Amino acid sequence: MPLDTSTYDLALLRVDGRRWNELRRLDGQIRTQAAADGSSYLEMGNTKVMCVVSGPSEDKRRGQTSASTATGSNAADVAVSVVVAGFSSVDRKKRGRGDKRIQELQTTISKALASNLHTHLYPRSTISISLNVLSQDGSLLAALINASTLALIDAGIPMTDYLVACTAGSTSSYAANDDRADPLVDLNNQEEQELPFLTMATLGATDKVAVLVCESRVQVSRLEGMMAAAADACKGVRDFLDQVIREKGHKMVTEGTIEKGASMAIEIDA
Amino acid sequence: MPITILQPAPVPVFNDTRNDHASASDSDSDEGGVDLEGDISMMRPSKRARRTEDDSIVTPGEVITEDPQWMRGHGTYTTRQAPAIVSSVAGTLAKTNRLLSVRPLRARYTPEIGDLVVGRIVEVQAKRWRVDVGASLLAQLPLSAINLPGGIQRRRTETDELQIRTFFSEGELLVAEVQQLYGDGGAVLHTRSLKYGKLRNGVFVAVSGTGGGGGVVRARRQAFTLDLGGASADDAEKIDVVLGVNGYIWISKHVEGEGAAAETSGPGINRVEESVGLNVYSSQNDDIPMSTMREIARVRGVIEALVEHGLRVDEDMVARAYHEAVEMARGDGDGEDTLYLGGERGRRLAQALVGR
């Protein structure tokens, strides 16, 4: 079904009624699996992802994991495995273990996380992240990155900043109406099919880009707008993830599971 | 076929604050509306805004202070260009004099010298064992750091090396103390005390996330004997509990003068060592009466309920929770044999403990 871009021009509303800069509904939880070191569940609209982190632990099977990155000899490996459930999309696709698209997802996530995590603190060990895709509706890579960030924070693994990701697209794919092409953020599956889009991950609230994946043809003049829109959306995602973590932290403090922390408020205001 | 028109379902109300972003940068401006200079404006205001909130939780990437008088500790890192201490984990802030550190909400166990740990042998090497203690690296237990059966003091010979599996072999559980730490965080264990050694006659429980605040806490006494207080027909029934600091817990039948809780043996320790030391490396369970097994299972249920409800796991808490659980089982009329402490019963147990 073609996306009726003319409707967008009229009302500036997308197929699901969002405006160009609106994210879909986000829902996140951490500590969903009691036995794991870290776990999370994330929904970005209808894209639903589950993540379990185990480690850092010394792994005898080192080196044979498919997506592990060798970030120098003296740092932890980040091994990522992505499993896409058969029921996750409309048409049931049989995906083998050696599926190239999934392998690429794994490598992208693994490399991005390895550069963000303080892996040098855990020499000779492996941090393994397993991601399960329960439902797909666009922005899959972004959802996977966000879910793994949440799970890694839950596992208490030190990192530089939140690694947050979001997609951005452009409303028209041809050069003619260049002036009226708007960037769109957080694309759903239908929009991803129709429009050129990119996935971008940034480090927290900074504009440092950690991941930039673009698999479609796009006018180079529109790229900057798309990236800027994606960076802006990433900040929104970061605020959301931060809130999820804080809510959990507050709950733990009020329940007395952890001691109340010291406050720096006076020193900073002074 | 008749057509039924259904009433539209009410719009679900989502948490407004969560979708704040969408409405916050709300603009239909024709120039695209994207703030291309975001990198200057966003850092500072957001930090200030967050710090003024009265919450003690810090999250990764959050600037804790820019004041150069502080030193950074665990859970933090420093930035180069603008000297600041930034948090690298989500947790609570801890100040020790001028040292700033962040205690993570939850993390894996990090060994410290003197910790009492429960571990499982995963690998047997020529002169040492490799032990899983739940840390990021496997701990090692050298052959020279164990007691020989019978309490003989001598050098470890090649004969001992050949017989290394008669002491500990793969999959066996032991209680030990962290003797030494390597720079990379690896631990060296020792079992050179009557308190430590192989574990049998009991059940193993692992509690995750103890490196942070919850779970097993470092306490004065990690191994203790739980007096069942005449909970069952036998009068002098006791259960040994070893709460490993690493979150691995061992609950076993009490054997007089043996096991980790036998530290009160006093000055006669050498004689005791000689008499009981011969079967310390036995992997054979003693005969355990049914009632003891039931109480061991109950203690296990109690510990799991404590963890599930985010309560501390220490001697006092386990003892109180155990007696509370016995009372609950009695009070419910299901009989004392009811061991189930999940769901609603677990919640009631937790409430009874916190309420006091």
# chains A, B, ... in the order shown; residues from 1 in each chain; ligands from 1
>>> interface_residues(of="chain A", to="chain B", cutoff="6 Å", atoms="only C-alpha atoms", output="number ranges by chain")
A: 22, 56-58, 155-156, 158-161, 207, 236, 257-258, 261-263
>>> select_by_dssp(residues="range 114-330 of chain B", states="strand (DSSP E or B)", output="PDB file with N, CA, C and O atoms, in the first residue's frame")
ATOM      1  N   LEU B 116      33.650 -14.085  52.895  1.00  0.00           N
ATOM      2  CA  LEU B 116      33.287 -15.494  52.947  1.00  0.00           C
ATOM      3  C   LEU B 116      32.433 -15.788  51.716  1.00  0.00           C
ATOM      4  O   LEU B 116      31.407 -15.143  51.519  1.00  0.00           O
ATOM      5  N   VAL B 117      32.886 -16.709  50.887  1.00  0.00           N
ATOM      6  CA  VAL B 117      32.140 -16.984  49.665  1.00  0.00           C
ATOM      7  C   VAL B 117      31.815 -18.471  49.546  1.00  0.00           C
ATOM      8  O   VAL B 117      32.533 -19.318  50.078  1.00  0.00           O
ATOM      9  N   VAL B 118      30.738 -18.734  48.856  1.00  0.00           N
ATOM     10  CA  VAL B 118      30.406 -20.100  48.481  1.00  0.00           C
ATOM     11  C   VAL B 118      30.682 -20.194  46.993  1.00  0.00           C
ATOM     12  O   VAL B 118      30.348 -19.274  46.243  1.00  0.00           O
ATOM     13  N   GLY B 119      31.339 -21.246  46.561  1.00  0.00           N
ATOM     14  CA  GLY B 119      31.683 -21.340  45.152  1.00  0.00           C
ATOM     15  C   GLY B 119      31.525 -22.745  44.621  1.00  0.00           C
ATOM     16  O   GLY B 119      31.349 -23.695  45.382  1.00  0.00           O
ATOM     17  N   ARG B 120      31.571 -22.835  43.307  1.00  0.00           N
ATOM     18  CA  ARG B 120      31.462 -24.135  42.666  1.00  0.00           C
ATOM     19  C   ARG B 120      32.677 -24.358  41.787  1.00  0.00           C
ATOM     20  O   ARG B 120      33.073 -23.468  41.035  1.00  0.00           O
ATOM     21  N   ILE B 121      33.290 -25.522  41.907  1.00  0.00           N
ATOM     22  CA  ILE B 121      34.464 -25.842  41.111  1.00  0.00           C
ATOM     23  C   ILE B 121      34.032 -26.015  39.654  1.00  0.00           C
ATOM     24  O   ILE B 121      33.115 -26.777  39.378  1.00  0.00           O
ATOM     25  N   VAL B 122      34.684 -25.265  38.740  1.00  0.00           N
ATOM     26  CA  VAL B 122      34.341 -25.444  37.332  1.00  0.00           C
ATOM     27  C   VAL B 122      35.468 -26.104  36.547  1.00  0.00           C
ATOM     28  O   VAL B 122      35.238 -26.642  35.480  1.00  0.00           O
ATOM     29  N   GLU B 123      36.668 -26.029  37.085  1.00  0.00           N
ATOM     30  CA  GLU B 123      37.795 -26.547  36.323  1.00  0.00           C
ATOM     31  C   GLU B 123      38.861 -27.041  37.294  1.00  0.00           C
ATOM     32  O   GLU B 123      39.103 -26.412  38.326  1.00  0.00           O
ATOM     33  N   VAL B 124      39.470 -28.170  36.978  1.00  0.00           N
ATOM     34  CA  VAL B 124      40.568 -28.675  37.792  1.00  0.00           C
ATOM     35  C   VAL B 124      41.827 -28.587  36.958  1.00  0.00           C
ATOM     36  O   VAL B 124      41.889 -29.120  35.858  1.00  0.00           O
ATOM     37  N   ARG B 128      45.859 -26.254  40.883  1.00  0.00           N
ATOM     38  CA  ARG B 128      44.836 -25.376  41.439  1.00  0.00           C
ATOM     39  C   ARG B 128      43.476 -25.705  40.843  1.00  0.00           C
ATOM     40  O   ARG B 128      43.364 -26.391  39.821  1.00  0.00           O
ATOM     41  N   TRP B 129      42.448 -25.172  41.518  1.00  0.00           N
ATOM     42  CA  TRP B 129      41.090 -25.305  41.002  1.00  0.00           C
ATOM     43  C   TRP B 129      40.627 -23.933  40.559  1.00  0.00           C
ATOM     44  O   TRP B 129      41.088 -22.916  41.076  1.00  0.00           O
ATOM     45  N   ARG B 130      39.707 -23.930  39.617  1.00  0.00           N
ATOM     46  CA  ARG B 130      39.080 -22.665  39.219  1.00  0.00           C
ATOM     47  C   ARG B 130      37.652 -22.728  39.729  1.00  0.00           C
ATOM     48  O   ARG B 130      36.932 -23.695  39.496  1.00  0.00           O
ATOM     49  N   VAL B 131      37.260 -21.678  40.443  1.00  0.00           N
ATOM     50  CA  VAL B 131      36.006 -21.699  41.178  1.00  0.00           C
ATOM     51  C   VAL B 131      35.095 -20.570  40.697  1.00  0.00           C
ATOM     52  O   VAL B 131      35.525 -19.422  40.596  1.00  0.00           O
ATOM     53  N   ASP B 132      33.857 -20.908  40.416  1.00  0.00           N
ATOM     54  CA  ASP B 132      32.867 -19.891  40.071  1.00  0.00           C
ATOM     55  C   ASP B 132      32.321 -19.309  41.373  1.00  0.00           C
ATOM     56  O   ASP B 132      31.708 -20.009  42.162  1.00  0.00           O
ATOM     57  N   ALA B 139      37.468 -17.438  40.292  1.00  0.00           N
ATOM     58  CA  ALA B 139      38.466 -17.353  41.357  1.00  0.00           C
ATOM     59  C   ALA B 139      39.333 -18.592  41.287  1.00  0.00           C
ATOM     60  O   ALA B 139      38.944 -19.603  40.709  1.00  0.00           O
ATOM     61  N   GLN B 140      40.538 -18.503  41.867  1.00  0.00           N
ATOM     62  CA  GLN B 140      41.342 -19.712  41.882  1.00  0.00           C
ATOM     63  C   GLN B 140      41.656 -20.144  43.304  1.00  0.00           C
ATOM     64  O   GLN B 140      41.778 -19.336  44.216  1.00  0.00           O
ATOM     65  N   LEU B 141      41.742 -21.439  43.459  1.00  0.00           N
ATOM     66  CA  LEU B 141      42.035 -22.034  44.754  1.00  0.00           C
ATOM     67  C   LEU B 141      43.270 -22.902  44.565  1.00  0.00           C
ATOM     68  O   LEU B 141      43.186 -23.976  43.976  1.00  0.00           O
ATOM     69  N   PRO B 142      44.439 -22.444  45.032  1.00  0.00           N
ATOM     70  CA  PRO B 142      45.643 -23.252  44.846  1.00  0.00           C
ATOM     71  C   PRO B 142      45.608 -24.478  45.748  1.00  0.00           C
ATOM     72  O   PRO B 142      44.981 -24.463  46.803  1.00  0.00           O
ATOM     73  N   LEU B 173      30.725 -28.085  45.505  1.00  0.00           N
ATOM     74  CA  LEU B 173      30.555 -26.789  46.155  1.00  0.00           C
ATOM     75  C   LEU B 173      31.468 -26.693  47.359  1.00  0.00           C
ATOM     76  O   LEU B 173      31.727 -27.686  48.041  1.00  0.00           O
ATOM     77  N   LEU B 174      31.933 -25.483  47.611  1.00  0.00           N
ATOM     78  CA  LEU B 174      32.800 -25.300  48.767  1.00  0.00           C
ATOM     79  C   LEU B 174      32.560 -23.914  49.353  1.00  0.00           C
ATOM     80  O   LEU B 174      32.034 -23.022  48.696  1.00  0.00           O
ATOM     81  N   VAL B 175      32.946 -23.782  50.614  1.00  0.00           N
ATOM     82  CA  VAL B 175      32.908 -22.470  51.237  1.00  0.00           C
ATOM     83  C   VAL B 175      34.349 -22.082  51.501  1.00  0.00           C
ATOM     84  O   VAL B 175      35.159 -22.905  51.933  1.00  0.00           O
ATOM     85  N   ALA B 176      34.701 -20.854  51.188  1.00  0.00           N
ATOM     86  CA  ALA B 176      36.095 -20.422  51.280  1.00  0.00           C
ATOM     87  C   ALA B 176      36.153 -18.951  51.629  1.00  0.00           C
ATOM     88  O   ALA B 176      35.124 -18.275  51.720  1.00  0.00           O
ATOM     89  N   GLU B 177      37.383 -18.473  51.817  1.00  0.00           N
ATOM     90  CA  GLU B 177      37.580 -17.059  52.107  1.00  0.00           C
ATOM     91  C   GLU B 177      38.483 -16.474  51.038  1.00  0.00           C
ATOM     92  O   GLU B 177      39.401 -17.144  50.567  1.00  0.00           O
ATOM     93  N   VAL B 178      38.222 -15.212  50.667  1.00  0.00           N
ATOM     94  CA  VAL B 178      39.073 -14.552  49.682  1.00  0.00           C
ATOM     95  C   VAL B 178      40.361 -14.141  50.377  1.00  0.00           C
ATOM     96  O   VAL B 178      40.352 -13.409  51.360  1.00  0.00           O
ATOM     97  N   GLN B 179      41.490 -14.647  49.869  1.00  0.00           N
ATOM     98  CA  GLN B 179      42.755 -14.414  50.535  1.00  0.00           C
ATOM     99  C   GLN B 179      43.524 -13.267  49.887  1.00  0.00           C
ATOM    100  O   GLN B 179      44.208 -12.523  50.545  1.00  0.00           O
ATOM    101  N   GLN B 180      43.370 -13.159  48.575  1.00  0.00           N
ATOM    102  CA  GLN B 180      44.214 -12.227  47.835  1.00  0.00           C
ATOM    103  C   GLN B 180      43.459 -11.801  46.581  1.00  0.00           C
ATOM    104  O   GLN B 180      42.634 -12.555  46.063  1.00  0.00           O
ATOM    105  N   LEU B 181      43.757 -10.600  46.104  1.00  0.00           N
ATOM    106  CA  LEU B 181      43.115 -10.118  44.889  1.00  0.00           C
ATOM    107  C   LEU B 181      44.166  -9.758  43.866  1.00  0.00           C
ATOM    108  O   LEU B 181      45.214  -9.225  44.207  1.00  0.00           O
ATOM    109  N   ALA B 187      40.171 -13.329  42.105  1.00  0.00           N
ATOM    110  CA  ALA B 187      40.383 -13.602  43.524  1.00  0.00           C
ATOM    111  C   ALA B 187      41.117 -14.923  43.714  1.00  0.00           C
ATOM    112  O   ALA B 187      41.007 -15.828  42.899  1.00  0.00           O
ATOM    113  N   VAL B 188      41.876 -14.994  44.796  1.00  0.00           N
ATOM    114  CA  VAL B 188      42.499 -16.251  45.210  1.00  0.00           C
ATOM    115  C   VAL B 188      41.840 -16.648  46.526  1.00  0.00           C
ATOM    116  O   VAL B 188      41.730 -15.840  47.441  1.00  0.00           O
ATOM    117  N   LEU B 189      41.385 -17.877  46.597  1.00  0.00           N
ATOM    118  CA  LEU B 189      40.652 -18.329  47.778  1.00  0.00           C
ATOM    119  C   LEU B 189      41.535 -19.201  48.655  1.00  0.00           C
ATOM    120  O   LEU B 189      42.565 -19.707  48.231  1.00  0.00           O
ATOM    121  N   HIS B 190      41.116 -19.389  49.904  1.00  0.00           N
ATOM    122  CA  HIS B 190      41.758 -20.405  50.728  1.00  0.00           C
ATOM    123  C   HIS B 190      40.708 -21.074  51.608  1.00  0.00           C
ATOM    124  O   HIS B 190      39.662 -20.485  51.902  1.00  0.00           O
ATOM    125  N   GLY B 197      35.634 -25.389  53.556  1.00  0.00           N
ATOM    126  CA  GLY B 197      35.823 -26.696  52.950  1.00  0.00           C
ATOM    127  C   GLY B 197      34.631 -27.107  52.111  1.00  0.00           C
ATOM    128  O   GLY B 197      33.797 -26.285  51.720  1.00  0.00           O
ATOM    129  N   LYS B 198      34.588 -28.383  51.834  1.00  0.00           N
ATOM    130  CA  LYS B 198      33.546 -28.916  50.954  1.00  0.00           C
ATOM    131  C   LYS B 198      32.168 -28.861  51.608  1.00  0.00           C
ATOM    132  O   LYS B 198      32.052 -28.996  52.817  1.00  0.00           O
ATOM    133  N   GLY B 202      23.080 -30.611  52.023  1.00  0.00           N
ATOM    134  CA  GLY B 202      22.231 -29.420  51.980  1.00  0.00           C
ATOM    135  C   GLY B 202      21.826 -29.013  50.581  1.00  0.00           C
ATOM    136  O   GLY B 202      21.911 -29.790  49.637  1.00  0.00           O
ATOM    137  N   VAL B 203      21.402 -27.753  50.490  1.00  0.00           N
ATOM    138  CA  VAL B 203      20.872 -27.248  49.230  1.00  0.00           C
ATOM    139  C   VAL B 203      21.498 -25.885  48.934  1.00  0.00           C
ATOM    140  O   VAL B 203      21.822 -25.126  49.844  1.00  0.00           O
ATOM    141  N   PHE B 204      21.656 -25.611  47.648  1.00  0.00           N
ATOM    142  CA  PHE B 204      22.316 -24.388  47.183  1.00  0.00           C
ATOM    143  C   PHE B 204      21.278 -23.412  46.651  1.00  0.00           C
ATOM    144  O   PHE B 204      20.350 -23.813  45.951  1.00  0.00           O
ATOM    145  N   VAL B 205      21.424 -22.155  47.001  1.00  0.00           N
ATOM    146  CA  VAL B 205      20.546 -21.108  46.474  1.00  0.00           C
ATOM    147  C   VAL B 205      21.424 -19.981  45.972  1.00  0.00           C
ATOM    148  O   VAL B 205      22.365 -19.591  46.653  1.00  0.00           O
ATOM    149  N   ALA B 206      21.140 -19.471  44.797  1.00  0.00           N
ATOM    150  CA  ALA B 206      21.885 -18.320  44.292  1.00  0.00           C
ATOM    151  C   ALA B 206      20.972 -17.105  44.297  1.00  0.00           C
ATOM    152  O   ALA B 206      19.832 -17.178  43.855  1.00  0.00           O
ATOM    153  N   VAL B 216      22.449 -10.406  49.731  1.00  0.00           N
ATOM    154  CA  VAL B 216      23.255 -10.689  50.906  1.00  0.00           C
ATOM    155  C   VAL B 216      24.149  -9.485  51.188  1.00  0.00           C
ATOM    156  O   VAL B 216      24.785  -8.959  50.294  1.00  0.00           O
ATOM    157  N   ALA B 223      28.043 -17.029  58.471  1.00  0.00           N
ATOM    158  CA  ALA B 223      27.661 -18.425  58.609  1.00  0.00           C
ATOM    159  C   ALA B 223      27.108 -18.620  60.013  1.00  0.00           C
ATOM    160  O   ALA B 223      27.706 -18.177  60.984  1.00  0.00           O
ATOM    161  N   PHE B 224      25.947 -19.212  60.106  1.00  0.00           N
ATOM    162  CA  PHE B 224      25.347 -19.361  61.429  1.00  0.00           C
ATOM    163  C   PHE B 224      24.507 -20.617  61.479  1.00  0.00           C
ATOM    164  O   PHE B 224      24.180 -21.213  60.450  1.00  0.00           O
ATOM    165  N   THR B 225      24.167 -20.992  62.695  1.00  0.00           N
ATOM    166  CA  THR B 225      23.308 -22.151  62.887  1.00  0.00           C
ATOM    167  C   THR B 225      21.930 -21.660  63.279  1.00  0.00           C
ATOM    168  O   THR B 225      21.791 -20.876  64.218  1.00  0.00           O
ATOM    169  N   LEU B 226      20.966 -22.095  62.535  1.00  0.00           N
ATOM    170  CA  LEU B 226      19.591 -21.675  62.793  1.00  0.00           C
ATOM    171  C   LEU B 226      18.961 -22.694  63.719  1.00  0.00           C
ATOM    172  O   LEU B 226      18.871 -23.877  63.388  1.00  0.00           O
ATOM    173  N   ASP B 227      18.569 -22.198  64.892  1.00  0.00           N
ATOM    174  CA  ASP B 227      17.920 -23.096  65.840  1.00  0.00           C
ATOM    175  C   ASP B 227      16.436 -23.159  65.486  1.00  0.00           C
ATOM    176  O   ASP B 227      15.761 -22.143  65.456  1.00  0.00           O
ATOM    177  N   LYS B 238      18.723 -28.487  64.209  1.00  0.00           N
ATOM    178  CA  LYS B 238      19.416 -27.258  63.822  1.00  0.00           C
ATOM    179  C   LYS B 238      19.762 -27.321  62.342  1.00  0.00           C
ATOM    180  O   LYS B 238      19.947 -28.403  61.786  1.00  0.00           O
ATOM    181  N   ILE B 239      19.862 -26.143  61.753  1.00  0.00           N
ATOM    182  CA  ILE B 239      20.214 -26.059  60.339  1.00  0.00           C
ATOM    183  C   ILE B 239      21.355 -25.061  60.192  1.00  0.00           C
ATOM    184  O   ILE B 239      21.330 -23.998  60.811  1.00  0.00           O
ATOM    185  N   ASP B 240      22.352 -25.421  59.425  1.00  0.00           N
ATOM    186  CA  ASP B 240      23.455 -24.500  59.155  1.00  0.00           C
ATOM    187  C   ASP B 240      23.127 -23.687  57.911  1.00  0.00           C
ATOM    188  O   ASP B 240      22.677 -24.239  56.911  1.00  0.00           O
ATOM    189  N   VAL B 241      23.370 -22.404  58.001  1.00  0.00           N
ATOM    190  CA  VAL B 241      23.181 -21.540  56.833  1.00  0.00           C
ATOM    191  C   VAL B 241      24.486 -20.795  56.578  1.00  0.00           C
ATOM    192  O   VAL B 241      25.048 -20.211  57.495  1.00  0.00           O
ATOM    193  N   VAL B 242      24.975 -20.862  55.363  1.00  0.00           N
ATOM    194  CA  VAL B 242      26.157 -20.093  54.977  1.00  0.00           C
ATOM    195  C   VAL B 242      25.706 -19.071  53.942  1.00  0.00           C
ATOM    196  O   VAL B 242      25.288 -19.432  52.849  1.00  0.00           O
ATOM    197  N   LEU B 243      25.764 -17.799  54.319  1.00  0.00           N
ATOM    198  CA  LEU B 243      25.384 -16.750  53.385  1.00  0.00           C
ATOM    199  C   LEU B 243      26.659 -16.230  52.738  1.00  0.00           C
ATOM    200  O   LEU B 243      27.365 -15.406  53.310  1.00  0.00           O
ATOM    201  N   TYR B 248      25.806 -16.535  46.859  1.00  0.00           N
ATOM    202  CA  TYR B 248      25.583 -17.968  46.824  1.00  0.00           C
ATOM    203  C   TYR B 248      25.364 -18.424  48.269  1.00  0.00           C
ATOM    204  O   TYR B 248      26.141 -18.089  49.158  1.00  0.00           O
ATOM    205  N   ILE B 249      24.318 -19.170  48.468  1.00  0.00           N
ATOM    206  CA  ILE B 249      23.908 -19.535  49.821  1.00  0.00           C
ATOM    207  C   ILE B 249      23.842 -21.048  49.948  1.00  0.00           C
ATOM    208  O   ILE B 249      23.425 -21.737  49.003  1.00  0.00           O
ATOM    209  N   TRP B 250      24.285 -21.555  51.074  1.00  0.00           N
ATOM    210  CA  TRP B 250      24.232 -22.985  51.324  1.00  0.00           C
ATOM    211  C   TRP B 250      23.433 -23.229  52.599  1.00  0.00           C
ATOM    212  O   TRP B 250      23.718 -22.656  53.646  1.00  0.00           O
ATOM    213  N   ILE B 251      22.437 -24.087  52.496  1.00  0.00           N
ATOM    214  CA  ILE B 251      21.609 -24.419  53.656  1.00  0.00           C
ATOM    215  C   ILE B 251      21.747 -25.920  53.867  1.00  0.00           C
ATOM    216  O   ILE B 251      21.490 -26.694  52.947  1.00  0.00           O
ATOM    217  N   SER B 252      22.180 -26.319  55.055  1.00  0.00           N
ATOM    218  CA  SER B 252      22.439 -27.741  55.236  1.00  0.00           C
ATOM    219  C   SER B 252      22.087 -28.205  56.643  1.00  0.00           C
ATOM    220  O   SER B 252      21.874 -27.413  57.554  1.00  0.00           O
ATOM    221  N   LYS B 253      22.071 -29.488  56.769  1.00  0.00           N
ATOM    222  CA  LYS B 253      21.849 -30.133  58.057  1.00  0.00           C
ATOM    223  C   LYS B 253      23.027 -29.798  58.983  1.00  0.00           C
ATOM    224  O   LYS B 253      24.170 -29.754  58.538  1.00  0.00           O
ATOM    225  N   VAL B 313      19.254  -9.875  53.215  1.00  0.00           N
ATOM    226  CA  VAL B 313      19.406 -11.268  53.613  1.00  0.00           C
ATOM    227  C   VAL B 313      20.574 -11.327  54.588  1.00  0.00           C
ATOM    228  O   VAL B 313      21.721 -11.247  54.186  1.00  0.00           O
TER     229      VAL B 313
END
>>> select_by_dssp(residues="range 58-150 of chain B", states="helix (DSSP H, G or I)", output="list in words")
Leu143, Ser144, Ala145, Pro149 and Gly150 of chain B
>>> residues_around(residues="Ser144 in chain B", least_positions_apart="6", cutoff="12 Å", atoms="only C-alpha atoms", output="PyMOL selection string")
chain B and resi 126-129+153-158+160-161+164+167+188-192
>>> write_last_selection(atoms="C-alpha atoms", output="mmCIF file, in the first residue's frame")
data_model
loop_
_atom_site.group_PDB
_atom_site.id
_atom_site.type_symbol
_atom_site.label_atom_id
_atom_site.label_comp_id
_atom_site.auth_asym_id
_atom_site.auth_seq_id
_atom_site.Cartn_x
_atom_site.Cartn_y
_atom_site.Cartn_z
ATOM 1 C CA ALA B 126 47.463 -29.226 37.716
ATOM 2 C CA LYS B 127 48.030 -27.281 40.922
ATOM 3 C CA ARG B 128 44.836 -25.376 41.439
ATOM 4 C CA TRP B 129 41.090 -25.305 41.002
ATOM 5 C CA GLN B 153 50.793 -29.878 58.007
ATOM 6 C CA ARG B 154 53.241 -30.531 55.215
ATOM 7 C CA ARG B 155 54.327 -29.430 51.773
ATOM 8 C CA ARG B 156 52.123 -30.402 48.870
ATOM 9 C CA THR B 157 53.889 -33.115 46.931
ATOM 10 C CA GLU B 158 53.456 -34.455 43.449
ATOM 11 C CA ASP B 160 48.859 -34.626 46.065
ATOM 12 C CA GLU B 161 48.877 -33.067 42.626
ATOM 13 C CA ILE B 164 43.838 -33.377 43.166
ATOM 14 C CA PHE B 167 39.907 -33.189 47.284
ATOM 15 C CA VAL B 188 42.499 -16.251 45.210
ATOM 16 C CA LEU B 189 40.652 -18.329 47.778
ATOM 17 C CA HIS B 190 41.758 -20.405 50.728
ATOM 18 C CA THR B 191 40.050 -23.028 52.842
ATOM 19 C CA ARG B 192 42.701 -23.290 55.531
#
>>> closest_residue(among="A:Val84, A:Val52, A:Ala168, A:Met227", to="Gln33 in chain A", atoms="only C-alpha atoms")
A:Val52
>>> closest_residue(among="A:Leu26, A:Ala231, A:Leu241, A:Leu150", to="Val211 in chain A", atoms="only C-alpha atoms")
A:Ala231
>>> atom_distance(atom1="CA of His118 in chain A", atom2="CA of Asn74 in chain A")
11.6 Å
>>> atom_distance(atom1="CA of Leu198 in chain A", atom2="CA of Val244 in chain A")
25.8 Å
>>> atom_distance(atom1="CA of Ser88 in chain A", atom2="CA of Asp186 in chain A")
18.6 Å
>>> residues_around(residues="Leu152 in chain A", least_positions_apart="5", cutoff="8 Å", atoms="only C-alpha atoms", output="VMD selection string")
chain A and resid 38 to 39 53 157
>>> residues_around(residues="Thr171 in chain A", least_positions_apart="3", cutoff="9 Å", atoms="only C-alpha atoms", output="ChimeraX atom specification")
/A:5,8,180-184,195-196
>>> residues_around(residues="Thr167 in chain A", least_positions_apart="2", cutoff="8 Å", atoms="only C-alpha atoms", output="JSON, numbers by chain")
{"A": [139, 142, 165, 169, 185, 186, 187, 197, 198, 199, 200, 230]}
>>> residues_around(residues="Val318 in chain B", least_positions_apart="6", cutoff="8 Å", atoms="only C-alpha atoms", output="PyMOL selection string")
chain B and resi 299+302-303
